[in-house]
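Asks: Just model-v3.cif, nothing more (mmCIF, N, CA and C atoms):
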data_coords
loop_
_atom_site.label_atom_id
_atom_site.label_comp_id
_atom_site.auth_asym_id
_atom_site.auth_seq_id
_atom_site.Cartn_x
_atom_site.Cartn_y
_atom_site.Cartn_z
N MET A 1 -41.77 1.48 -27.42
CA MET A 1 -41.45 0.52 -26.37
C MET A 1 -40.22 -0.31 -26.75
N LYS A 2 -40.19 -0.72 -28.02
CA LYS A 2 -39.07 -1.52 -28.49
C LYS A 2 -37.77 -0.71 -28.44
N ARG A 3 -37.89 0.59 -28.73
CA ARG A 3 -36.72 1.46 -28.72
C ARG A 3 -36.17 1.62 -27.30
N ILE A 4 -37.04 1.75 -26.32
CA ILE A 4 -36.63 1.88 -24.92
C ILE A 4 -35.89 0.62 -24.46
N VAL A 5 -36.42 -0.54 -24.85
CA VAL A 5 -35.78 -1.79 -24.48
C VAL A 5 -34.40 -1.88 -25.11
N LEU A 6 -34.26 -1.46 -26.36
CA LEU A 6 -32.96 -1.48 -27.03
C LEU A 6 -31.97 -0.52 -26.35
N VAL A 7 -32.44 0.66 -25.97
CA VAL A 7 -31.57 1.62 -25.30
C VAL A 7 -31.12 1.08 -23.96
N LEU A 8 -32.03 0.52 -23.18
CA LEU A 8 -31.68 -0.04 -21.87
C LEU A 8 -30.73 -1.22 -22.01
N THR A 9 -30.95 -2.05 -23.00
CA THR A 9 -30.06 -3.18 -23.24
C THR A 9 -28.67 -2.69 -23.63
N GLY A 10 -28.61 -1.67 -24.48
CA GLY A 10 -27.32 -1.10 -24.87
C GLY A 10 -26.58 -0.49 -23.68
N MET A 11 -27.31 0.21 -22.82
CA MET A 11 -26.69 0.79 -21.63
C MET A 11 -26.18 -0.31 -20.71
N LEU A 12 -26.92 -1.39 -20.58
CA LEU A 12 -26.51 -2.50 -19.74
C LEU A 12 -25.23 -3.13 -20.28
N LEU A 13 -25.13 -3.29 -21.60
CA LEU A 13 -23.93 -3.88 -22.18
C LEU A 13 -22.73 -2.95 -22.06
N VAL A 14 -22.94 -1.65 -22.22
CA VAL A 14 -21.85 -0.69 -22.13
C VAL A 14 -21.36 -0.57 -20.68
N CYS A 15 -22.29 -0.58 -19.74
CA CYS A 15 -21.93 -0.37 -18.33
C CYS A 15 -21.68 -1.68 -17.59
N ASN A 16 -21.56 -2.77 -18.31
CA ASN A 16 -21.32 -4.05 -17.65
C ASN A 16 -19.97 -4.04 -16.96
N GLY A 17 -19.94 -4.34 -15.68
CA GLY A 17 -18.71 -4.38 -14.92
C GLY A 17 -18.38 -3.09 -14.21
N VAL A 18 -19.10 -2.01 -14.50
CA VAL A 18 -18.86 -0.74 -13.82
C VAL A 18 -19.60 -0.78 -12.49
N GLN A 19 -18.88 -0.59 -11.40
CA GLN A 19 -19.49 -0.71 -10.08
C GLN A 19 -20.12 0.58 -9.61
N GLY A 20 -19.75 1.69 -10.15
CA GLY A 20 -20.31 2.96 -9.73
C GLY A 20 -19.27 4.05 -9.77
N PHE A 21 -19.67 5.22 -9.39
CA PHE A 21 -18.78 6.37 -9.40
C PHE A 21 -17.91 6.33 -8.15
N ILE A 22 -16.61 6.27 -8.33
CA ILE A 22 -15.67 6.19 -7.22
C ILE A 22 -14.90 7.50 -7.14
N LEU A 23 -15.01 8.19 -6.00
CA LEU A 23 -14.31 9.46 -5.84
C LEU A 23 -12.83 9.25 -5.56
N ASP A 24 -12.53 8.42 -4.60
CA ASP A 24 -11.15 8.18 -4.24
C ASP A 24 -11.03 6.75 -3.77
N GLU A 25 -10.34 5.94 -4.51
CA GLU A 25 -10.26 4.51 -4.22
C GLU A 25 -9.65 4.24 -2.85
N GLU A 26 -8.65 5.03 -2.46
CA GLU A 26 -7.98 4.78 -1.18
C GLU A 26 -8.88 5.11 0.00
N ILE A 27 -9.59 6.23 -0.08
CA ILE A 27 -10.41 6.66 1.04
C ILE A 27 -11.70 5.88 1.12
N PHE A 28 -12.36 5.64 -0.02
CA PHE A 28 -13.67 5.03 -0.03
C PHE A 28 -13.62 3.53 -0.35
N SER A 29 -12.52 2.89 -0.08
CA SER A 29 -12.38 1.47 -0.36
C SER A 29 -13.12 0.65 0.68
N HIS A 30 -13.79 -0.40 0.25
CA HIS A 30 -14.52 -1.29 1.16
C HIS A 30 -13.73 -2.54 1.47
N ARG A 31 -12.49 -2.61 1.00
CA ARG A 31 -11.70 -3.81 1.22
C ARG A 31 -11.04 -3.85 2.59
N SER A 32 -10.88 -2.71 3.22
CA SER A 32 -10.18 -2.64 4.49
C SER A 32 -11.05 -3.18 5.61
N ALA A 33 -10.49 -4.05 6.43
CA ALA A 33 -11.23 -4.59 7.56
C ALA A 33 -11.04 -3.74 8.81
N ASP A 34 -9.91 -3.09 8.94
CA ASP A 34 -9.62 -2.27 10.11
C ASP A 34 -8.79 -1.09 9.66
N SER A 35 -9.39 0.09 9.69
CA SER A 35 -8.71 1.25 9.13
C SER A 35 -7.63 1.81 10.05
N LEU A 36 -7.60 1.41 11.31
CA LEU A 36 -6.61 1.94 12.23
C LEU A 36 -5.52 0.93 12.58
N ALA A 37 -5.57 -0.25 12.00
CA ALA A 37 -4.60 -1.29 12.32
C ALA A 37 -3.26 -0.98 11.67
N PRO A 38 -2.16 -1.39 12.32
CA PRO A 38 -0.85 -1.14 11.72
C PRO A 38 -0.66 -1.99 10.46
N ARG A 39 -0.07 -1.39 9.45
CA ARG A 39 0.16 -2.06 8.18
C ARG A 39 1.63 -1.93 7.79
N ASP A 40 2.09 -2.88 6.99
CA ASP A 40 3.47 -2.81 6.52
C ASP A 40 3.50 -2.12 5.16
N GLU A 41 4.67 -2.15 4.50
CA GLU A 41 4.81 -1.44 3.24
C GLU A 41 4.00 -2.07 2.11
N TYR A 42 3.52 -3.30 2.29
CA TYR A 42 2.69 -3.96 1.29
C TYR A 42 1.21 -3.84 1.61
N ASP A 43 0.86 -2.99 2.59
CA ASP A 43 -0.51 -2.74 3.01
C ASP A 43 -1.18 -3.98 3.61
N LEU A 44 -0.37 -4.83 4.27
CA LEU A 44 -0.90 -6.01 4.93
C LEU A 44 -1.08 -5.73 6.41
N LEU A 45 -2.18 -6.23 6.97
CA LEU A 45 -2.45 -6.04 8.39
C LEU A 45 -1.51 -6.91 9.22
N HIS A 46 -1.18 -6.43 10.41
CA HIS A 46 -0.32 -7.18 11.31
C HIS A 46 -1.04 -7.43 12.62
N GLN A 47 -0.92 -8.62 13.11
CA GLN A 47 -1.49 -8.98 14.40
C GLN A 47 -0.36 -8.94 15.42
N MET A 48 -0.58 -8.19 16.47
CA MET A 48 0.44 -8.04 17.49
C MET A 48 0.48 -9.26 18.40
N PRO A 49 1.63 -9.60 18.98
CA PRO A 49 1.70 -10.77 19.85
C PRO A 49 0.96 -10.56 21.17
N ASN A 50 0.90 -9.32 21.66
CA ASN A 50 0.20 -9.04 22.91
C ASN A 50 -1.19 -8.52 22.60
N VAL A 51 -2.19 -9.14 23.21
CA VAL A 51 -3.57 -8.72 23.00
C VAL A 51 -3.90 -7.66 24.03
N ARG A 52 -4.43 -6.52 23.57
CA ARG A 52 -4.84 -5.43 24.45
C ARG A 52 -6.34 -5.26 24.39
N ALA A 53 -6.89 -4.58 25.39
CA ALA A 53 -8.34 -4.35 25.40
C ALA A 53 -8.76 -3.48 24.23
N THR A 54 -7.90 -2.57 23.79
CA THR A 54 -8.26 -1.70 22.67
C THR A 54 -8.28 -2.45 21.33
N ASP A 55 -7.69 -3.64 21.29
CA ASP A 55 -7.74 -4.43 20.06
C ASP A 55 -9.16 -4.88 19.73
N TYR A 56 -10.01 -4.97 20.75
CA TYR A 56 -11.39 -5.40 20.55
C TYR A 56 -12.36 -4.23 20.56
N ALA A 57 -11.86 -3.00 20.63
CA ALA A 57 -12.74 -1.83 20.61
C ALA A 57 -13.35 -1.67 19.22
N HIS A 58 -14.53 -1.05 19.19
CA HIS A 58 -15.23 -0.88 17.92
C HIS A 58 -14.47 0.07 17.01
N ARG A 59 -14.31 -0.34 15.76
CA ARG A 59 -13.70 0.49 14.73
C ARG A 59 -14.63 0.52 13.53
N ASP A 60 -14.69 1.65 12.90
CA ASP A 60 -15.42 1.71 11.63
C ASP A 60 -14.57 1.06 10.56
N SER A 61 -15.19 0.25 9.73
CA SER A 61 -14.43 -0.50 8.74
C SER A 61 -13.99 0.37 7.57
N ARG A 62 -14.56 1.55 7.45
CA ARG A 62 -14.19 2.44 6.35
C ARG A 62 -13.44 3.65 6.89
N ARG A 63 -12.30 3.93 6.30
CA ARG A 63 -11.43 5.01 6.78
C ARG A 63 -12.08 6.38 6.64
N TRP A 64 -12.89 6.59 5.62
CA TRP A 64 -13.47 7.90 5.36
C TRP A 64 -14.42 8.34 6.46
N VAL A 65 -14.93 7.44 7.26
CA VAL A 65 -15.85 7.81 8.34
C VAL A 65 -15.14 8.69 9.36
N TYR A 66 -13.86 8.44 9.60
CA TYR A 66 -13.11 9.20 10.60
C TYR A 66 -12.85 10.64 10.16
N TYR A 67 -12.89 10.91 8.87
CA TYR A 67 -12.67 12.27 8.40
C TYR A 67 -13.84 13.19 8.76
N PHE A 68 -15.01 12.63 9.00
CA PHE A 68 -16.19 13.43 9.30
C PHE A 68 -16.50 13.50 10.79
N LYS A 69 -15.67 12.91 11.62
CA LYS A 69 -15.88 12.99 13.07
C LYS A 69 -15.14 14.20 13.63
N SER A 70 -15.71 14.79 14.67
CA SER A 70 -15.05 15.93 15.30
C SER A 70 -13.89 15.44 16.16
N ASN A 71 -13.02 16.35 16.55
CA ASN A 71 -11.88 15.98 17.38
C ASN A 71 -12.32 15.45 18.74
N GLU A 72 -13.42 15.98 19.27
CA GLU A 72 -13.94 15.50 20.56
C GLU A 72 -14.43 14.06 20.45
N GLU A 73 -15.09 13.74 19.34
CA GLU A 73 -15.55 12.36 19.13
C GLU A 73 -14.37 11.42 18.99
N LEU A 74 -13.32 11.86 18.31
CA LEU A 74 -12.14 11.02 18.13
C LEU A 74 -11.41 10.80 19.45
N MET A 75 -11.36 11.82 20.31
CA MET A 75 -10.68 11.67 21.60
C MET A 75 -11.45 10.74 22.54
N ALA A 76 -12.75 10.57 22.31
CA ALA A 76 -13.54 9.65 23.11
C ALA A 76 -13.51 8.22 22.57
N ASP A 77 -13.06 8.05 21.34
CA ASP A 77 -12.99 6.73 20.70
C ASP A 77 -11.71 6.02 21.14
N THR A 78 -11.85 4.93 21.90
CA THR A 78 -10.68 4.25 22.46
C THR A 78 -9.77 3.67 21.38
N ALA A 79 -10.35 3.15 20.31
CA ALA A 79 -9.53 2.58 19.24
C ALA A 79 -8.71 3.66 18.54
N TYR A 80 -9.31 4.82 18.33
CA TYR A 80 -8.59 5.91 17.67
C TYR A 80 -7.48 6.44 18.57
N VAL A 81 -7.77 6.60 19.86
CA VAL A 81 -6.75 7.09 20.80
C VAL A 81 -5.61 6.08 20.91
N ALA A 82 -5.92 4.78 20.87
CA ALA A 82 -4.86 3.77 20.91
C ALA A 82 -3.99 3.86 19.66
N ALA A 83 -4.59 4.12 18.49
CA ALA A 83 -3.80 4.30 17.28
C ALA A 83 -2.96 5.57 17.37
N LEU A 84 -3.52 6.61 17.98
CA LEU A 84 -2.77 7.86 18.20
C LEU A 84 -1.59 7.61 19.13
N GLN A 85 -1.82 6.87 20.22
CA GLN A 85 -0.75 6.55 21.16
C GLN A 85 0.32 5.70 20.48
N ARG A 86 -0.10 4.75 19.66
CA ARG A 86 0.84 3.89 18.95
C ARG A 86 1.76 4.70 18.05
N ASP A 87 1.18 5.64 17.30
CA ASP A 87 1.99 6.44 16.39
C ASP A 87 2.87 7.43 17.13
N LEU A 88 2.38 8.00 18.21
CA LEU A 88 3.22 8.88 19.02
C LEU A 88 4.37 8.11 19.65
N LYS A 89 4.10 6.88 20.07
CA LYS A 89 5.16 6.04 20.65
C LYS A 89 6.18 5.65 19.59
N ARG A 90 5.71 5.37 18.39
CA ARG A 90 6.60 5.00 17.29
C ARG A 90 7.58 6.13 16.97
N LEU A 91 7.12 7.37 17.08
CA LEU A 91 7.98 8.52 16.81
C LEU A 91 8.77 8.98 18.03
N GLY A 92 8.54 8.38 19.19
CA GLY A 92 9.31 8.69 20.39
C GLY A 92 8.75 9.80 21.24
N TYR A 93 7.52 10.22 21.02
CA TYR A 93 6.94 11.29 21.81
C TYR A 93 6.17 10.78 23.02
N TYR A 94 5.75 9.55 23.00
CA TYR A 94 4.90 8.99 24.06
C TYR A 94 5.56 7.74 24.60
N CYS A 95 5.56 7.60 25.94
CA CYS A 95 6.20 6.44 26.56
C CYS A 95 5.25 5.63 27.44
N GLY A 96 3.99 5.98 27.47
CA GLY A 96 3.04 5.30 28.35
C GLY A 96 2.46 4.04 27.73
N ARG A 97 1.42 3.55 28.38
CA ARG A 97 0.73 2.34 27.92
C ARG A 97 -0.22 2.67 26.78
N LEU A 98 -0.46 1.70 25.92
CA LEU A 98 -1.44 1.85 24.84
C LEU A 98 -2.79 1.38 25.36
N ASP A 99 -3.46 2.26 26.12
CA ASP A 99 -4.71 1.86 26.75
C ASP A 99 -5.94 2.52 26.14
N GLY A 100 -5.78 3.44 25.21
CA GLY A 100 -6.91 4.07 24.55
C GLY A 100 -7.54 5.20 25.35
N VAL A 101 -6.83 5.71 26.35
CA VAL A 101 -7.34 6.80 27.18
C VAL A 101 -6.57 8.06 26.84
N PHE A 102 -7.30 9.13 26.49
CA PHE A 102 -6.65 10.39 26.18
C PHE A 102 -6.31 11.09 27.49
N SER A 103 -5.09 10.89 27.96
CA SER A 103 -4.65 11.40 29.26
C SER A 103 -3.75 12.62 29.07
N ASP A 104 -3.25 13.13 30.19
CA ASP A 104 -2.33 14.27 30.14
C ASP A 104 -1.03 13.89 29.44
N GLU A 105 -0.59 12.63 29.60
CA GLU A 105 0.64 12.19 28.93
C GLU A 105 0.49 12.26 27.41
N VAL A 106 -0.68 11.89 26.90
CA VAL A 106 -0.93 11.97 25.47
C VAL A 106 -0.95 13.43 25.03
N SER A 107 -1.55 14.28 25.84
CA SER A 107 -1.59 15.70 25.53
C SER A 107 -0.18 16.31 25.50
N PHE A 108 0.66 15.93 26.45
CA PHE A 108 2.04 16.41 26.47
C PHE A 108 2.83 15.90 25.27
N ALA A 109 2.56 14.65 24.87
CA ALA A 109 3.23 14.09 23.69
C ALA A 109 2.82 14.83 22.43
N ILE A 110 1.54 15.18 22.33
CA ILE A 110 1.06 15.95 21.18
C ILE A 110 1.71 17.34 21.18
N ALA A 111 1.86 17.94 22.38
CA ALA A 111 2.50 19.25 22.48
C ALA A 111 3.96 19.18 22.01
N ARG A 112 4.67 18.12 22.37
CA ARG A 112 6.06 17.97 21.92
C ARG A 112 6.12 17.79 20.41
N LEU A 113 5.19 17.01 19.86
CA LEU A 113 5.13 16.83 18.41
C LEU A 113 4.85 18.15 17.73
N GLN A 114 3.91 18.94 18.27
CA GLN A 114 3.59 20.22 17.68
C GLN A 114 4.79 21.16 17.71
N LYS A 115 5.54 21.12 18.80
CA LYS A 115 6.72 21.98 18.90
C LYS A 115 7.77 21.58 17.87
N ASN A 116 8.02 20.29 17.71
CA ASN A 116 9.03 19.83 16.76
C ASN A 116 8.62 20.03 15.30
N TYR A 117 7.32 20.03 15.03
CA TYR A 117 6.84 20.24 13.67
C TYR A 117 6.49 21.70 13.40
N SER A 118 6.88 22.61 14.31
CA SER A 118 6.64 24.06 14.17
C SER A 118 5.16 24.39 14.01
N MET A 119 4.33 23.71 14.79
CA MET A 119 2.90 24.00 14.81
C MET A 119 2.60 24.86 16.04
N ARG A 120 1.41 25.38 16.07
CA ARG A 120 0.96 26.10 17.26
C ARG A 120 0.78 25.09 18.38
N VAL A 121 1.45 25.27 19.51
CA VAL A 121 1.46 24.29 20.59
C VAL A 121 0.22 24.47 21.45
N THR A 122 -0.68 23.48 21.38
CA THR A 122 -1.90 23.49 22.20
C THR A 122 -2.03 22.20 23.01
N GLY A 123 -1.42 21.13 22.56
CA GLY A 123 -1.56 19.85 23.23
C GLY A 123 -2.88 19.17 22.93
N GLU A 124 -3.61 19.67 21.95
CA GLU A 124 -4.91 19.11 21.59
C GLU A 124 -4.82 18.43 20.23
N LEU A 125 -5.71 17.48 20.03
CA LEU A 125 -5.78 16.78 18.75
C LEU A 125 -6.45 17.71 17.74
N ASN A 126 -5.79 17.96 16.62
CA ASN A 126 -6.37 18.79 15.57
C ASN A 126 -5.93 18.25 14.21
N GLY A 127 -6.35 18.93 13.16
CA GLY A 127 -6.06 18.47 11.80
C GLY A 127 -4.58 18.34 11.48
N PRO A 128 -3.76 19.35 11.78
CA PRO A 128 -2.34 19.22 11.46
C PRO A 128 -1.65 18.06 12.20
N VAL A 129 -2.06 17.80 13.44
CA VAL A 129 -1.49 16.67 14.19
C VAL A 129 -1.89 15.37 13.53
N ARG A 130 -3.15 15.26 13.13
CA ARG A 130 -3.63 14.05 12.48
C ARG A 130 -2.90 13.82 11.16
N ARG A 131 -2.64 14.90 10.40
CA ARG A 131 -1.91 14.76 9.14
C ARG A 131 -0.45 14.38 9.38
N ALA A 132 0.15 14.92 10.43
CA ALA A 132 1.55 14.60 10.73
C ALA A 132 1.72 13.14 11.11
N LEU A 133 0.69 12.56 11.74
CA LEU A 133 0.75 11.15 12.15
C LEU A 133 0.11 10.23 11.11
N HIS A 134 -0.36 10.78 9.99
CA HIS A 134 -1.01 10.00 8.92
C HIS A 134 -2.23 9.26 9.45
N LEU A 135 -2.99 9.92 10.31
CA LEU A 135 -4.24 9.35 10.82
C LEU A 135 -5.41 10.05 10.16
N PRO A 136 -6.52 9.34 9.96
CA PRO A 136 -7.70 9.99 9.36
C PRO A 136 -8.33 10.98 10.30
#
Will you turn the file into structure tokens for me?

Replies:
Amino acid sequence: MKRIVLVLTGMLLVCNGVQGFILDEEIFSHRSADSLAPRDEYDLLHQMPNVRATDYAHRDSRRWVYYFKSNEELMADTAYVAALQRDLKRLGYYCGRLDGVFSDEVSFAIARLQKNYSMRVTGELNGPVRRALHLP
């Protein structure tokens, strides 16, 4: 019994401060409050001057959750579609409103992006499009 207590005490002292097994600090970080919000080069969140309805849409606080959602689930998520529209607009492929609705204009913008990046042109949200826009 005394030996077990000594072993447990030694393990506690050795493992003091270790929070657990971390696979990837960037993906599985719990520090992010909004994984789809625009950030600057210092990884600071920015608040836009104009408030939109999609700013209050539900977002998962952890970025890794979006990697396990299907493309259909992501196209139904208004916050994700608004981030998609924002990035397409930033690159000059989309000129519409940032309303969080996956419309034909968004599909045409994705098709133009796919054509310019030498991807198979489908106009649908898929893995290569998400990687090209740096979205989860």

Asks: Just say which residues the PyMOL selection byres ((chain A and resi 90-107) around 8) picks in this file, as a short mmCIF file (atom, residue, chain, number, x, y, z; two decimals) with N, CA and C atoms, keeping the file's coordinate frame.

Replies:
data_model
loop_
_atom_site.label_atom_id
_atom_site.label_comp_id
_atom_site.auth_asym_id
_atom_site.auth_seq_id
_atom_site.Cartn_x
_atom_site.Cartn_y
_atom_site.Cartn_z
N ARG A 52 -4.43 -6.52 23.57
CA ARG A 52 -4.84 -5.43 24.45
C ARG A 52 -6.34 -5.26 24.39
N ALA A 53 -6.89 -4.58 25.39
CA ALA A 53 -8.34 -4.35 25.40
C ALA A 53 -8.76 -3.48 24.23
N THR A 54 -7.90 -2.57 23.79
CA THR A 54 -8.26 -1.70 22.67
C THR A 54 -8.28 -2.45 21.33
N MET A 75 -11.36 11.82 20.31
CA MET A 75 -10.68 11.67 21.60
C MET A 75 -11.45 10.74 22.54
N ALA A 76 -12.75 10.57 22.31
CA ALA A 76 -13.54 9.65 23.11
C ALA A 76 -13.51 8.22 22.57
N ASP A 77 -13.06 8.05 21.34
CA ASP A 77 -12.99 6.73 20.70
C ASP A 77 -11.71 6.02 21.14
N THR A 78 -11.85 4.93 21.90
CA THR A 78 -10.68 4.25 22.46
C THR A 78 -9.77 3.67 21.38
N ALA A 79 -10.35 3.15 20.31
CA ALA A 79 -9.53 2.58 19.24
C ALA A 79 -8.71 3.66 18.54
N TYR A 80 -9.31 4.82 18.33
CA TYR A 80 -8.59 5.91 17.67
C TYR A 80 -7.48 6.44 18.57
N VAL A 81 -7.77 6.60 19.86
CA VAL A 81 -6.75 7.09 20.80
C VAL A 81 -5.61 6.08 20.91
N ALA A 82 -5.92 4.78 20.87
CA ALA A 82 -4.86 3.77 20.91
C ALA A 82 -3.99 3.86 19.66
N ALA A 83 -4.59 4.12 18.49
CA ALA A 83 -3.80 4.30 17.28
C ALA A 83 -2.96 5.57 17.37
N LEU A 84 -3.52 6.61 17.98
CA LEU A 84 -2.77 7.86 18.20
C LEU A 84 -1.59 7.61 19.13
N GLN A 85 -1.82 6.87 20.22
CA GLN A 85 -0.75 6.55 21.16
C GLN A 85 0.32 5.70 20.48
N ARG A 86 -0.10 4.75 19.66
CA ARG A 86 0.84 3.89 18.95
C ARG A 86 1.76 4.70 18.05
N ASP A 87 1.18 5.64 17.30
CA ASP A 87 1.99 6.44 16.39
C ASP A 87 2.87 7.43 17.13
N LEU A 88 2.38 8.00 18.21
CA LEU A 88 3.22 8.88 19.02
C LEU A 88 4.37 8.11 19.65
N LYS A 89 4.10 6.88 20.07
CA LYS A 89 5.16 6.04 20.65
C LYS A 89 6.18 5.65 19.59
N PHE A 108 0.66 15.93 26.45
CA PHE A 108 2.04 16.41 26.47
C PHE A 108 2.83 15.90 25.27
N ALA A 109 2.56 14.65 24.87
CA ALA A 109 3.23 14.09 23.69
C ALA A 109 2.82 14.83 22.43
N ILE A 110 1.54 15.18 22.33
CA ILE A 110 1.06 15.95 21.18
C ILE A 110 1.71 17.34 21.18
N ALA A 111 1.86 17.94 22.38
CA ALA A 111 2.50 19.25 22.48
C ALA A 111 3.96 19.18 22.01
N ARG A 112 4.67 18.12 22.37
CA ARG A 112 6.06 17.97 21.92
C ARG A 112 6.12 17.79 20.41
N LEU A 113 5.19 17.01 19.86
CA LEU A 113 5.13 16.83 18.41
C LEU A 113 4.85 18.15 17.73
N THR A 122 -0.68 23.48 21.38
CA THR A 122 -1.90 23.49 22.20
C THR A 122 -2.03 22.20 23.01
N GLY A 123 -1.42 21.13 22.56
CA GLY A 123 -1.56 19.85 23.23
C GLY A 123 -2.88 19.17 22.93
N GLU A 124 -3.61 19.67 21.95
CA GLU A 124 -4.91 19.11 21.59
C GLU A 124 -4.82 18.43 20.23
N LEU A 125 -5.71 17.48 20.03
CA LEU A 125 -5.78 16.78 18.75
C LEU A 125 -6.45 17.71 17.74
#

Asks: Please, what distance in Å, to one decimal, runs between atom C of Pro136 of chain A and atom C of Tyr66 of chain A?

Replies: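 Computed distance, atom C of Pro136 of chain A to atom C of Tyr66 of chain A, equals 4.5 Å.
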
Asks: For the atom pair atom CA of Ser70 of chain A and atom N of Ser118 of chain A, what is the interatomic distance in Å to one decimal place?

Replies: 22.9 Å

Asks: How far is it from atom CA of Val65 of chain A to atom CA of His134 of chain A, in Å with one decimal?

Replies: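 Interatomic distance, atom CA of Val65 of chain A to atom CA of His134 of chain A: 15.0 Å.
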